[in-house]
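Colleague: Handing you this structure, nothing more for now.
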Amino acid sequence: MKSPLGTGAAAYRAVAPAADRGSGIAFDGVSVAYGGVTVLEALTLTVNPGEIVALIGPSGSGKTTALRAVAGFVQPATGRIRIGTRDVTDVPPHDRNIGMVVQNYALFPHMRVDENVAFGLRARKAASALVAARVPEALAMVGMAAYARRFPRELSGGQQQRVAIARALAIKPQVLLLDEPLSALDAQIRRSMLDELARLHRELPDLTVLYVTHDQIEALTLADRIGIMRDGKLVAFGPAQALYRHPPNRFAAEFLGRANLLPVTGLEPAADGMARVRFGDVALTARNHHALPAGDECLLCVRPHDVHVEPHADTDNTLVAVVRSIQWQGDTQSVELALGEHVLRLACPPRLTLPGIGDPLPLHFRGTQATLVPVGAALG
């Protein structure tokens, strides 16, 4: 089935001002404080033109504050913010040429869909002919052209969020700010909206997006790069797949997907970026992606889906653990095991027959699918 985004997206690019293309976002040592309490500390980060960057982290980590600083809703105590080549630190929100979508849709209930989408344009005193052209284009981009004359109360949650996105895009923003836009939706609609956002970005490759979420799946699905926030600080930043496969620290490993982390010692460099380590009396191999020095104590990180019950020809790591629990989750089984005083988890197909609770189970994983993580690094 053809994407509903195609025609409107082409029209969007055709009429977008040249000055709006190729813009990005830059934080340069940005700090924000409320009542003397610092909630965002010296954030330096660049979102490249046309890129989606996701900021993730627990509540109170500073991710939404960073987004609101770009929007102009909070004033930095220190540092500067640029959109494209323009310093917007002291520019009021309505002059920053941004589009913003929040989690609760924020549609005007007394306005029909097309009136909601036109609101930003009318607030900027756009000509009637321009409004008449851009509103249907924006609605076509999100597949909502047929709903132009409905009221928000006549739409589902997912449809309302599409309208909110159309309203943000109608003004031809330099950047699009998304503040947990899917958190109010149920799981099935959220998956559908993720697909639509991914399609939208493919159709609008010049649009720069800063996406704030607490959901790691959203970040991994959409983002080119991910920033992980904790206690007002950026603790990890990099390409989504690289950050997942080679986290720079323990917090990043545990927050971005589930991770098994085992303390290992006696690091010895080996060929092809690998290293030999010991977990107790067991010799293991793993990637030394961060070039940790010989002899370091560190953590071996291996994801649950990379741990196998059956050995493969190139499996070079084996551990024996005791089964603690088995949870059937439809298309997978989540198994928790005791490895001495440590816990190890694996995800395996439900058709696989496992031993009972309390029984030993040999586990296998490739050294190339494990990575060494420094014990105390904050940002690497």
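Note on naming: chains are A, B, ... as they come in the structure tokens, residues start from 1 per chain, ligands start from 1 in the order shown.
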Where in region 195-262 of chain A does DSSP assign strand (DSSP E), given as a ChimeraX atom specification?
Modeller: /A:208-212,225-230,233-239,260-262
Colleague: Could you go through region 41-238 of chain A and tell me which residues DSSP, when run on the backbone, assigns to helix (DSSP H, G or I), listing them as an NGL selection string?
Modeller: :A and (63-71 or 93-95 or 113-123 or 128-141 or 145-147 or 152-154 or 157-170 or 187-203 or 216-222)
Colleague: Got a sec: who's within 10 Å of region 326-335 of chain A, counting only C-alpha atoms, leaving out chain neighbours fewer than 2 positions off, as number ranges by chain?
Modeller: A: 304-305, 323-324, 337, 344-352, 354-357
Colleague: Of the candidates A:Val343, A:Gly367, A:Leu256, A:Leu300, which one gets nearest to Ala270 (chain A) if we count only C-alpha atoms?
Modeller: A:Gly367
Colleague: Choose the residue, out of A:Gln241, A:Gly358, A:Leu234, A:His364, that has the smallest atom-to-atom separation from Ala219 (chain A); count only C-alpha atoms.
Modeller: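 Looking only at the distances to Ala219 (chain A), the closest residue turns out to be A:Gln241.
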Colleague: I'd like the neighbourhood of Leu299 (chain A) as a ChimeraX atom specification, where a residue qualifies if any of its atoms comes within 6 Å (using only C-alpha atoms), though same-chain residues fewer than 2 positions away should be ignored.
Modeller: /A:261-264,372-373
Colleague: Just write the chosen residues, all heavy atoms, as a PDB file, in the first residue's frame.
Modeller:
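That gives us again31.pdb:
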ATOM      1  N   LEU A 261      25.668  -7.686  32.662  1.00  0.00           N
ATOM      2  CA  LEU A 261      26.947  -7.062  32.967  1.00  0.00           C
ATOM      3  C   LEU A 261      27.668  -7.904  34.016  1.00  0.00           C
ATOM      4  O   LEU A 261      27.172  -8.077  35.131  1.00  0.00           O
ATOM      5  CB  LEU A 261      26.746  -5.633  33.480  1.00  0.00           C
ATOM      6  CG  LEU A 261      26.187  -4.648  32.444  1.00  0.00           C
ATOM      7  CD1 LEU A 261      25.741  -3.361  33.116  1.00  0.00           C
ATOM      8  CD2 LEU A 261      27.221  -4.352  31.369  1.00  0.00           C
ATOM      9  N   LEU A 262      28.802  -8.437  33.652  1.00  0.00           N
ATOM     10  CA  LEU A 262      29.574  -9.299  34.539  1.00  0.00           C
ATOM     11  C   LEU A 262      30.923  -8.642  34.833  1.00  0.00           C
ATOM     12  O   LEU A 262      31.622  -8.222  33.898  1.00  0.00           O
ATOM     13  CB  LEU A 262      29.806 -10.664  33.897  1.00  0.00           C
ATOM     14  CG  LEU A 262      28.553 -11.461  33.524  1.00  0.00           C
ATOM     15  CD1 LEU A 262      28.957 -12.747  32.804  1.00  0.00           C
ATOM     16  CD2 LEU A 262      27.707 -11.764  34.754  1.00  0.00           C
ATOM     17  N   PRO A 263      31.312  -8.542  36.113  1.00  0.00           N
ATOM     18  CA  PRO A 263      32.629  -7.985  36.439  1.00  0.00           C
ATOM     19  C   PRO A 263      33.739  -8.947  36.034  1.00  0.00           C
ATOM     20  O   PRO A 263      33.720 -10.126  36.411  1.00  0.00           O
ATOM     21  CB  PRO A 263      32.558  -7.801  37.956  1.00  0.00           C
ATOM     22  CG  PRO A 263      31.555  -8.816  38.413  1.00  0.00           C
ATOM     23  CD  PRO A 263      30.557  -8.947  37.317  1.00  0.00           C
ATOM     24  N   VAL A 264      34.692  -8.465  35.262  1.00  0.00           N
ATOM     25  CA  VAL A 264      35.784  -9.312  34.786  1.00  0.00           C
ATOM     26  C   VAL A 264      37.119  -8.636  35.078  1.00  0.00           C
ATOM     27  O   VAL A 264      37.188  -7.425  35.286  1.00  0.00           O
ATOM     28  CB  VAL A 264      35.650  -9.613  33.273  1.00  0.00           C
ATOM     29  CG1 VAL A 264      34.426 -10.471  33.014  1.00  0.00           C
ATOM     30  CG2 VAL A 264      35.568  -8.326  32.465  1.00  0.00           C
ATOM     31  N   LEU A 372      33.423  -4.945  26.176  1.00  0.00           N
ATOM     32  CA  LEU A 372      33.934  -4.553  27.484  1.00  0.00           C
ATOM     33  C   LEU A 372      33.576  -3.099  27.747  1.00  0.00           C
ATOM     34  O   LEU A 372      33.744  -2.226  26.883  1.00  0.00           O
ATOM     35  CB  LEU A 372      35.445  -4.749  27.556  1.00  0.00           C
ATOM     36  CG  LEU A 372      35.925  -6.197  27.377  1.00  0.00           C
ATOM     37  CD1 LEU A 372      37.443  -6.264  27.449  1.00  0.00           C
ATOM     38  CD2 LEU A 372      35.292  -7.113  28.424  1.00  0.00           C
ATOM     39  N   VAL A 373      33.087  -2.851  28.956  1.00  0.00           N
ATOM     40  CA  VAL A 373      32.621  -1.531  29.354  1.00  0.00           C
ATOM     41  C   VAL A 373      33.462  -1.069  30.544  1.00  0.00           C
ATOM     42  O   VAL A 373      33.625  -1.823  31.515  1.00  0.00           O
ATOM     43  CB  VAL A 373      31.128  -1.577  29.760  1.00  0.00           C
ATOM     44  CG1 VAL A 373      30.647  -0.221  30.257  1.00  0.00           C
ATOM     45  CG2 VAL A 373      30.280  -2.062  28.573  1.00  0.00           C
TER      46      VAL A 373
END
Colleague: Pick out the closest residue to Asn317 (chain A) from this set: A:Val53, A:Lys172, A:Arg366, A:Pro269. Count only C-alpha atoms.
Modeller: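 Nearest to Asn317 (chain A): A:Arg366.
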Colleague: Env of Phe255 (chain A): 12 Å cut, atoms = only C-alpha atoms, seq-sep filter 3 positions within chain, self excluded. Answer as a ChimeraX atom specification.
Modeller: /A:56-58,214-217,219-220,226-230,235-236,243-244,247-252,258-260
Colleague: Quick one: write out the picked residues with N, CA, C and O atoms as a compact mmCIF listing (two decimals), in the first residue's frame?
Modeller:
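Result went into out12.txt, see below:
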# COMPACT_ATOMS: atom_id res chain seq x y z
N ILE A 56 17.14 10.49 25.67
CA ILE A 56 16.41 9.58 26.54
C ILE A 56 17.03 9.64 27.93
O ILE A 56 18.15 10.10 28.11
N GLY A 57 16.28 9.17 28.89
CA GLY A 57 16.74 9.16 30.27
C GLY A 57 15.56 9.07 31.21
O GLY A 57 14.41 9.27 30.80
N PRO A 58 15.81 8.79 32.48
CA PRO A 58 14.72 8.70 33.44
C PRO A 58 14.10 10.06 33.72
O PRO A 58 14.64 11.10 33.29
N HIS A 214 11.25 8.63 26.93
CA HIS A 214 11.79 7.72 27.93
C HIS A 214 11.77 6.29 27.40
O HIS A 214 12.22 5.36 28.07
N ASP A 215 11.26 6.12 26.18
CA ASP A 215 11.08 4.79 25.60
C ASP A 215 12.26 4.44 24.71
O ASP A 215 12.46 5.04 23.64
N GLN A 216 13.04 3.45 25.11
CA GLN A 216 14.24 3.07 24.36
C GLN A 216 13.91 2.53 22.98
O GLN A 216 14.68 2.73 22.02
N ILE A 217 12.77 1.86 22.82
CA ILE A 217 12.39 1.31 21.52
C ILE A 217 12.13 2.43 20.53
O ILE A 217 12.55 2.36 19.36
N ALA A 219 13.46 5.39 20.58
CA ALA A 219 14.75 5.98 20.26
C ALA A 219 15.53 5.12 19.27
O ALA A 219 16.07 5.61 18.27
N LEU A 220 15.59 3.82 19.52
CA LEU A 220 16.34 2.92 18.64
C LEU A 220 15.70 2.82 17.26
O LEU A 220 16.39 2.64 16.26
N ILE A 226 21.69 8.93 19.51
CA ILE A 226 20.96 8.96 20.78
C ILE A 226 21.84 9.60 21.84
O ILE A 226 23.03 9.30 21.93
N GLY A 227 21.24 10.50 22.63
CA GLY A 227 21.90 11.03 23.81
C GLY A 227 21.21 10.49 25.05
O GLY A 227 19.98 10.55 25.15
N ILE A 228 21.98 9.97 25.99
CA ILE A 228 21.42 9.43 27.23
C ILE A 228 21.71 10.42 28.35
O ILE A 228 22.87 10.80 28.57
N MET A 229 20.65 10.85 29.04
CA MET A 229 20.76 11.86 30.08
C MET A 229 20.60 11.21 31.46
O MET A 229 19.85 10.25 31.64
N ARG A 230 21.32 11.78 32.44
CA ARG A 230 21.17 11.35 33.83
C ARG A 230 21.55 12.51 34.74
O ARG A 230 22.62 13.10 34.59
N VAL A 235 25.42 11.59 29.55
CA VAL A 235 26.38 10.54 29.96
C VAL A 235 26.78 9.63 28.82
O VAL A 235 27.71 8.83 28.97
N ALA A 236 26.10 9.72 27.68
CA ALA A 236 26.48 8.93 26.51
C ALA A 236 25.84 9.57 25.29
O ALA A 236 24.72 10.08 25.36
N LEU A 243 25.85 2.76 19.96
CA LEU A 243 25.64 2.97 21.39
C LEU A 243 25.01 1.73 22.03
O LEU A 243 25.31 1.40 23.18
N TYR A 244 24.19 1.03 21.28
CA TYR A 244 23.57 -0.20 21.78
C TYR A 244 24.59 -1.34 21.85
O TYR A 244 24.65 -2.08 22.84
N PRO A 247 28.12 0.18 24.50
CA PRO A 247 27.84 1.28 25.44
C PRO A 247 29.11 1.73 26.14
O PRO A 247 29.96 0.90 26.49
N PRO A 248 29.25 3.04 26.38
CA PRO A 248 30.49 3.55 26.98
C PRO A 248 30.54 3.44 28.49
O PRO A 248 31.59 3.66 29.09
N ASN A 249 29.42 3.12 29.14
CA ASN A 249 29.41 3.02 30.59
C ASN A 249 28.23 2.16 31.03
O ASN A 249 27.37 1.80 30.23
N ARG A 250 28.23 1.82 32.32
CA ARG A 250 27.20 0.92 32.85
C ARG A 250 25.79 1.48 32.70
O ARG A 250 24.86 0.76 32.31
N PHE A 251 25.61 2.77 32.97
CA PHE A 251 24.28 3.35 32.90
C PHE A 251 23.73 3.26 31.48
O PHE A 251 22.57 2.91 31.26
N ALA A 252 24.57 3.58 30.50
CA ALA A 252 24.12 3.50 29.10
C ALA A 252 23.77 2.06 28.73
O ALA A 252 22.78 1.81 28.04
N ARG A 258 18.07 -4.12 27.58
CA ARG A 258 18.49 -4.96 28.70
C ARG A 258 19.90 -5.46 28.45
O ARG A 258 20.30 -5.75 27.32
N ALA A 259 20.69 -5.56 29.52
CA ALA A 259 22.08 -5.96 29.37
C ALA A 259 22.49 -6.85 30.53
O ALA A 259 22.10 -6.63 31.67
N ASN A 260 23.27 -7.88 30.21
CA ASN A 260 23.96 -8.66 31.23
C ASN A 260 25.34 -8.05 31.42
O ASN A 260 26.10 -7.89 30.46
Colleague: Contacts between region 26-42 of chain A and region 188-270 of chain A, please, where a residue of region 188-270 of chain A counts if it comes within 9 Å (with only C-alpha atoms); show its shortest atom pair and distance in Å to one decimal, rows by chain and ascending number, as a Markdown table.
Modeller:
| residue | atom | partner | partner_atom | distance |
| --- | --- | --- | --- | --- |
| A:Asp231 | CA | A:Val39 | CA | 7.2 |
| A:Gly232 | CA | A:Leu40 | CA | 4.2 |
| A:Lys233 | CA | A:Glu41 | CA | 5.6 |
| A:Leu234 | CA | A:Glu41 | CA | 8.3 |
Colleague: Counting only C-alpha atoms, which of A:Ala77, A:Ala223, A:Gly143, A:Pro92 gets nearest to Glu196 (chain A)?
Modeller: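 That would be A:Gly143, the residue with the smallest distance to Glu196 (chain A).
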Colleague: Please list as number ranges by chain every residue within 12 Å of Leu292 (chain A), counting only C-alpha atoms and excluding residues in the same chain fewer than 6 positions away.
Modeller: A: 248, 265-270, 273-277, 286, 298-300, 371-377, 380
